[in-house]
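Everything on this sheet refers to the single structure shown next.
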Number of protein chains: 4
Amino acid sequence: MKNDTSTDLCEDVVCEERYVLIYIDERRRYIIKIRRGERFSSDKGYIDHDDLIGLSYGSQIKLSSGVKAYVLKPSLEDLVYKIFRRPTQVLYPKDLGLILVMLDLSSGKRVLEAGVGSGVATAFLARAVAPNGRVYGYEIREDFAETALNNLSKIGLDRYVEIKIRDVSKGVDEKDLDAALIDLSNPWDVTEVVYEALRPGAPVIFFLPTINQVEKLLNKLYLDNKWILPKLVELLEREYETKIGALRPKTVMISHTGYLIYTRKILNR
Amino acid sequence: MKNDTSTDLCEDVVCEERYVLIYIDERRRYIIKIRRGERFSSDKGYIDHDDLIGLSYGSQIKLSSGVKAYVLKPSLEDLVYKIFRRPTQVLYPKDLGLILVMLDLSSGKRVLEAGVGSGVATAFLARAVAPNGRVYGYEIREDFAETALNNLSKIGLDRYVEIKIRDVSKGVDEKDLDAALIDLSNPWDVTEVVYEALRPGAPVIFFLPTINQVEKLLNKLYLDNKWILPKLVELLEREYETKIGALRPKTVMISHTGYLIYTRKILNR
Amino acid sequence: MKNDTSTDLCEDVVCEERYVLIYIDERRRYIIKIRRGERFSSDKGYIDHDDLIGLSYGSQIKLSSGVKAYVLKPSLEDLVYKIFRRPTQVLYPKDLGLILVMLDLSSGKRVLEAGVGSGVATAFLARAVAPNGRVYGYEIREDFAETALNNLSKIGLDRYVEIKIRDVSKGVDEKDLDAALIDLSNPWDVTEVVYEALRPGAPVIFFLPTINQVEKLLNKLYLDNKWILPKLVELLEREYETKIGALRPKTVMISHTGYLIYTRKILNR
Amino acid sequence: MKNDTSTDLCEDVVCEERYVLIYIDERRRYIIKIRRGERFSSDKGYIDHDDLIGLSYGSQIKLSSGVKAYVLKPSLEDLVYKIFRRPTQVLYPKDLGLILVMLDLSSGKRVLEAGVGSGVATAFLARAVAPNGRVYGYEIREDFAETALNNLSKIGLDRYVEIKIRDVSKGVDEKDLDAALIDLSNPWDVTEVVYEALRPGAPVIFFLPTINQVEKLLNKLYLDNKWILPKLVELLEREYETKIGALRPKTVMISHTGYLIYTRKILNR
């Protein structure tokens, strides 16, 4: 989130106690927290934090070896995938982007997240509903919940999030939520409580890695008979080599992260 | 966007002059604007608007034929692809989602959009930066600009957008913008003005349908020598048939919308 | 198959009673059987068969409208997809190609095909094992078997094929077959008889459109406990527009034909 | 190829001096040549070749550790990717399969291969045209040509192949060839000589890894003006994990091998 005080100098220049992205090349992208007296080191050379403080973001720097690098303000994507501790499988940007669109998120919305894990998706949900909305995250494992909260607090998004250490199948405290993201291995056990927590018409997305889970969940949703016809999609991201004169898809790609199942609550009588 | 007054009854029930999604089945999804005395008709039967007013969103209704349907609050996606006039090719949700993530958008950000077209991407950018940010849209064709503005005003997102009928290659008025989305057929002609309009380190995405455009743009970006190494990706969305016992990818899919080229402005000296 | 008599003039020039491919453009590819006195007509003009007889394959011709076209010798692919009557779903070239490789076919091999359908796969199997091998095709529906045989005889491949109107689950007459292609909706019912018909180590491919069939078959194969670990793949074919300066994937593609499950018979004791 | 003498015992049982596939599990597939007195060793245990001789193919064996394995007759695919020395990039089965179909190969055909490399494609072409056809392979590098010939002779396919150490752009000796596979980095330099070597109407496939090569070749083909409109495709092979109850695409896949460009020679006057 952007700070409210537009006079915040640290929006534009490297400040102490802020995260900075040191960009050397495509494979060498490091995030460091600026602290006086410390030194950043890599296989391409080092530079002292003191030499970075006060530089405008986007500036070119020279490492000890003479190699050029750049100081950039890290994006949420940079932060989440580089400084979050991630004891669990996490969602990828390609999936998160479509989730934000399909859950119809905007500032002020109140969202349920079941299965917080490392808090990666939580961060993106939180930013999408900030500054006026809120994410209610349910996580059964205390250690994950703590990691997630710790992760989120590092980047100031914890203030838009409430995390509960709780088996979501036991019930959701909130009512009339605007959307839900369910990233659990047994989502069929929670469709009723999720239903109760949502306002009529609200969208839900379930994220599932295996086809067997997809089948079992679809069966449950049909049985529940209070959701619109589920939509099942997966996204494949194909990245290219961009060398001039040798443009081609990268040889290897991530073929599979998970399936997205989208539906909406309806009132059935 | 959610209205600020949480007491707005029309958040929950069907009101006059509001858009409503009539959901009959996967292929029969209609958006209507509620007006007393009017009638909604489809090949599955009709219903009078008067019978809808006051219903809770999510409610089941019966069409004249006895067929069941549901009244839902349309998502931004529903609205944009169903009520926008679209004289131009438009971006798809899969691409827009990743764009929102890669451009690192959040409330308060100021974004450049070059090539507004029908305003589809504009709507998603606007919502992502609302309520405190702003989209500056440049569109060379007056008719497109008018259509886009008209589209956006139908859904109240025009207040976050400023559209200028202008060849963006002639210059951008704004400075220190946080991000840019360039959806032009000749993006190589605008890299300098886009560069000038962005704050250092800011991300840009170029959307391009053909490989030849990709090559020409990459050449230009390398020549400019003031951007980080561009990242080139495309997203494939694969949708499945969800019939119980006959789960399978749909036979036909959209194989190609366009390539996304992502880079960030750096200060080169 | 190539004719044995290398002196066959009709290998090189258009002859009576032979199939010829009239190639006008990518979308206008017609196969006709040359008969004196007949006329080929299209929306781009006509030409008399008599004017084609004796022309070298590859020759340019002019239709009545002045539009240019070419006479080509049809490939097996051209013939199968254009002159075969196809009352059933058929396999695509992309899948057939990989099947030929994975079934390790070569001249002299003896192959089982369960589920002959229209005979499309049969034609490719037959050609791969010709001139010394044989395809044993089992088809439960008499009408399909007749269509297939009729199709194959049009192109002279029937002599390498024996088709039996029979429920393959009732047993296969042949022993020690070198490979099998199973294109049935209930392959789990035939794994034992297929096993009995194959020589030890022989490969089998099952072609299945839905994931549910795949699951059920995998379960059966594991239960049988006399096959190597099955390999499950699908092939996606992406075609491009080749217009100079506007190279790009075609907008729409076939996303799904079916899944290929490959395994090999082992002796388990 | 199958041996002509059907009395060849070694078709069915493990013999000396023959290649055998030792299948332990999906990742442990070894090809060995059987020699009295030798021992096969793996991280899962060992077994003496003498204990394998005379076993029926498909037999279960026990390694020294007690781990079960199977002796299988290697397929051409097994052989080519496991015993061929491969100093060059090689074609994959998915591409080779479609190539066999599109080149319309059958016993007796005479095929040009420009760019023999390690002989992987040569092996599949040779088998497809055996026993009556022939592959004419042109390879500019002597070391590659020798490796290829050596590879092919290991599996007895050299008798269907003639390899010439020659820059194919200098000319092809053969005339009236039935098809051509061009796997060169500069195919635009050879389209004329390939044209001269083919019979009218004959198909050609060019295999190219980068888009830039594709563009340059397409330009050349259009300029030549004696080929039908080229077809450009790529194949994506998606493999699945087949664990019961956890069916899902493998996480990582080969995203790109190369583009296939298909065209046919026409007589232009």
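All residue names refer to the structure tokens as shown: chains lettered A, B, ... in order, residues numbered from 1 in each chain, ligands numbered from 1 in order.
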
Self-check item: Within 7 Å of C:Gly37 using only C-alpha atoms, minus same-chain residues under 2 positions, as a PyMOL selection string
Solution: chain C and resi 35+39+49-50

Within 8 Å of stretch 9-16 of chain B using only C-alpha atoms, minus same-chain residues under 6 positions, as a PDB file with C-alpha atoms, in the first residue's frame:
ATOM      1  CA  LYS B  33     -30.761  -2.604 -15.743  1.00  0.00           C
ATOM      2  CA  ILE B  34     -33.821  -2.673 -13.516  1.00  0.00           C
ATOM      3  CA  ARG B  35     -36.586  -0.337 -14.652  1.00  0.00           C
ATOM      4  CA  ARG B  36     -40.192  -0.415 -13.464  1.00  0.00           C
ATOM      5  CA  LEU B  52     -37.360  -8.594  -9.169  1.00  0.00           C
ATOM      6  CA  ILE B  53     -37.216  -5.331  -7.248  1.00  0.00           C
ATOM      7  CA  GLY B  54     -36.664  -5.909  -3.573  1.00  0.00           C
ATOM      8  CA  LEU B  55     -35.426  -9.480  -3.962  1.00  0.00           C
ATOM      9  CA  SER B  56     -32.282 -10.359  -2.095  1.00  0.00           C
ATOM     10  CA  TYR B  57     -29.315 -10.997  -4.370  1.00  0.00           C
TER      11      TYR B  57
END

Quiz item: Got a sec to pull out which chain B residues are within 7 Å of chain A, counting only C-alpha atoms, and send them as a PyMOL selection string?
Solution: chain B and resi 1-2+26+57-60+72-73+75-76+93-94+97-98+100-101+104+106-108+127-128+130+200-201+219+229+232-240+242+244+265-268

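Look at stretch 169-174 of chain D: the protein and nucleic acid residues within 9 Å of it, using only C-alpha atoms and passing over chain neighbours fewer than 5 places away, are Leu112, Tyr136, Tyr138, Pro187, Asp189, Val190, Thr191, Glu192, Val193, Val194, Glu196, Ala197 and Leu198 of chain D.
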
Quiz item: C:Asp43: which residues within 10 Å, counting only C-alpha atoms, same-chain residues fewer than 3 positions away excluded, as JSON, numbers by chain?
Solution: {"C": [28, 46, 65]}

Convert the current residue selection to file output with C-alpha atoms, as a tab-separated table (two decimals), in the first residue's frame.
chain	number	residue	atom	x	y	z
C	28	ARG	CA	-9.93	-25.34	-49.78
C	46	TYR	CA	-14.53	-25.67	-61.74
C	65	SER	CA	-12.55	-18.53	-62.74

Exercise. As a PyMOL selection string, please: all residues of stretch 31-116 of chain D that backbone DSSP puts in helix (DSSP H, G or I).
Key: chain D and resi 49-51+76-83+93-102

Convert the current residue selection to file output with C-alpha atoms, as a PDB file, in the first residue's frame.
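The resulting file, result-v7.pdb, is shown below:
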ATOM      1  CA  HIS D  49      23.985 -61.442 -17.205  1.00  0.00           C
ATOM      2  CA  ASP D  50      24.277 -65.230 -17.119  1.00  0.00           C
ATOM      3  CA  ASP D  51      21.168 -65.311 -14.960  1.00  0.00           C
ATOM      4  CA  LEU D  76      13.320 -48.241 -30.731  1.00  0.00           C
ATOM      5  CA  GLU D  77      12.551 -45.307 -28.442  1.00  0.00           C
ATOM      6  CA  ASP D  78      14.311 -47.010 -25.529  1.00  0.00           C
ATOM      7  CA  LEU D  79      17.333 -47.773 -27.674  1.00  0.00           C
ATOM      8  CA  VAL D  80      17.680 -44.454 -29.373  1.00  0.00           C
ATOM      9  CA  TYR D  81      17.472 -42.333 -26.243  1.00  0.00           C
ATOM     10  CA  LYS D  82      19.513 -44.683 -24.080  1.00  0.00           C
ATOM     11  CA  ILE D  83      22.293 -46.212 -26.149  1.00  0.00           C
ATOM     12  CA  PRO D  93       9.177 -38.768 -29.703  1.00  0.00           C
ATOM     13  CA  LYS D  94       6.215 -36.379 -29.719  1.00  0.00           C
ATOM     14  CA  ASP D  95       7.721 -34.456 -32.631  1.00  0.00           C
ATOM     15  CA  LEU D  96       8.990 -37.550 -34.418  1.00  0.00           C
ATOM     16  CA  GLY D  97       5.555 -39.145 -34.303  1.00  0.00           C
ATOM     17  CA  LEU D  98       3.876 -36.215 -35.979  1.00  0.00           C
ATOM     18  CA  ILE D  99       6.747 -35.985 -38.473  1.00  0.00           C
ATOM     19  CA  LEU D 100       6.218 -39.613 -39.527  1.00  0.00           C
ATOM     20  CA  VAL D 101       2.540 -38.878 -40.105  1.00  0.00           C
ATOM     21  CA  MET D 102       3.008 -35.573 -41.906  1.00  0.00           C
TER      22      MET D 102
END

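If you count only C-alpha atoms and ignore residues fewer than 3 places along the chain from A:Leu63, what sits within 6 Å of it is Gly45, Tyr46, Ile47, Gly66 and Val67 of chain A.
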
Exercise. Fewer than 5 positions away in the same chain doesn't count, so skip those; otherwise give me all residues within 6 Å of A:Ala180, counting only C-alpha atoms, as an NGL selection string.
Key: :A and (111-113 or 204)
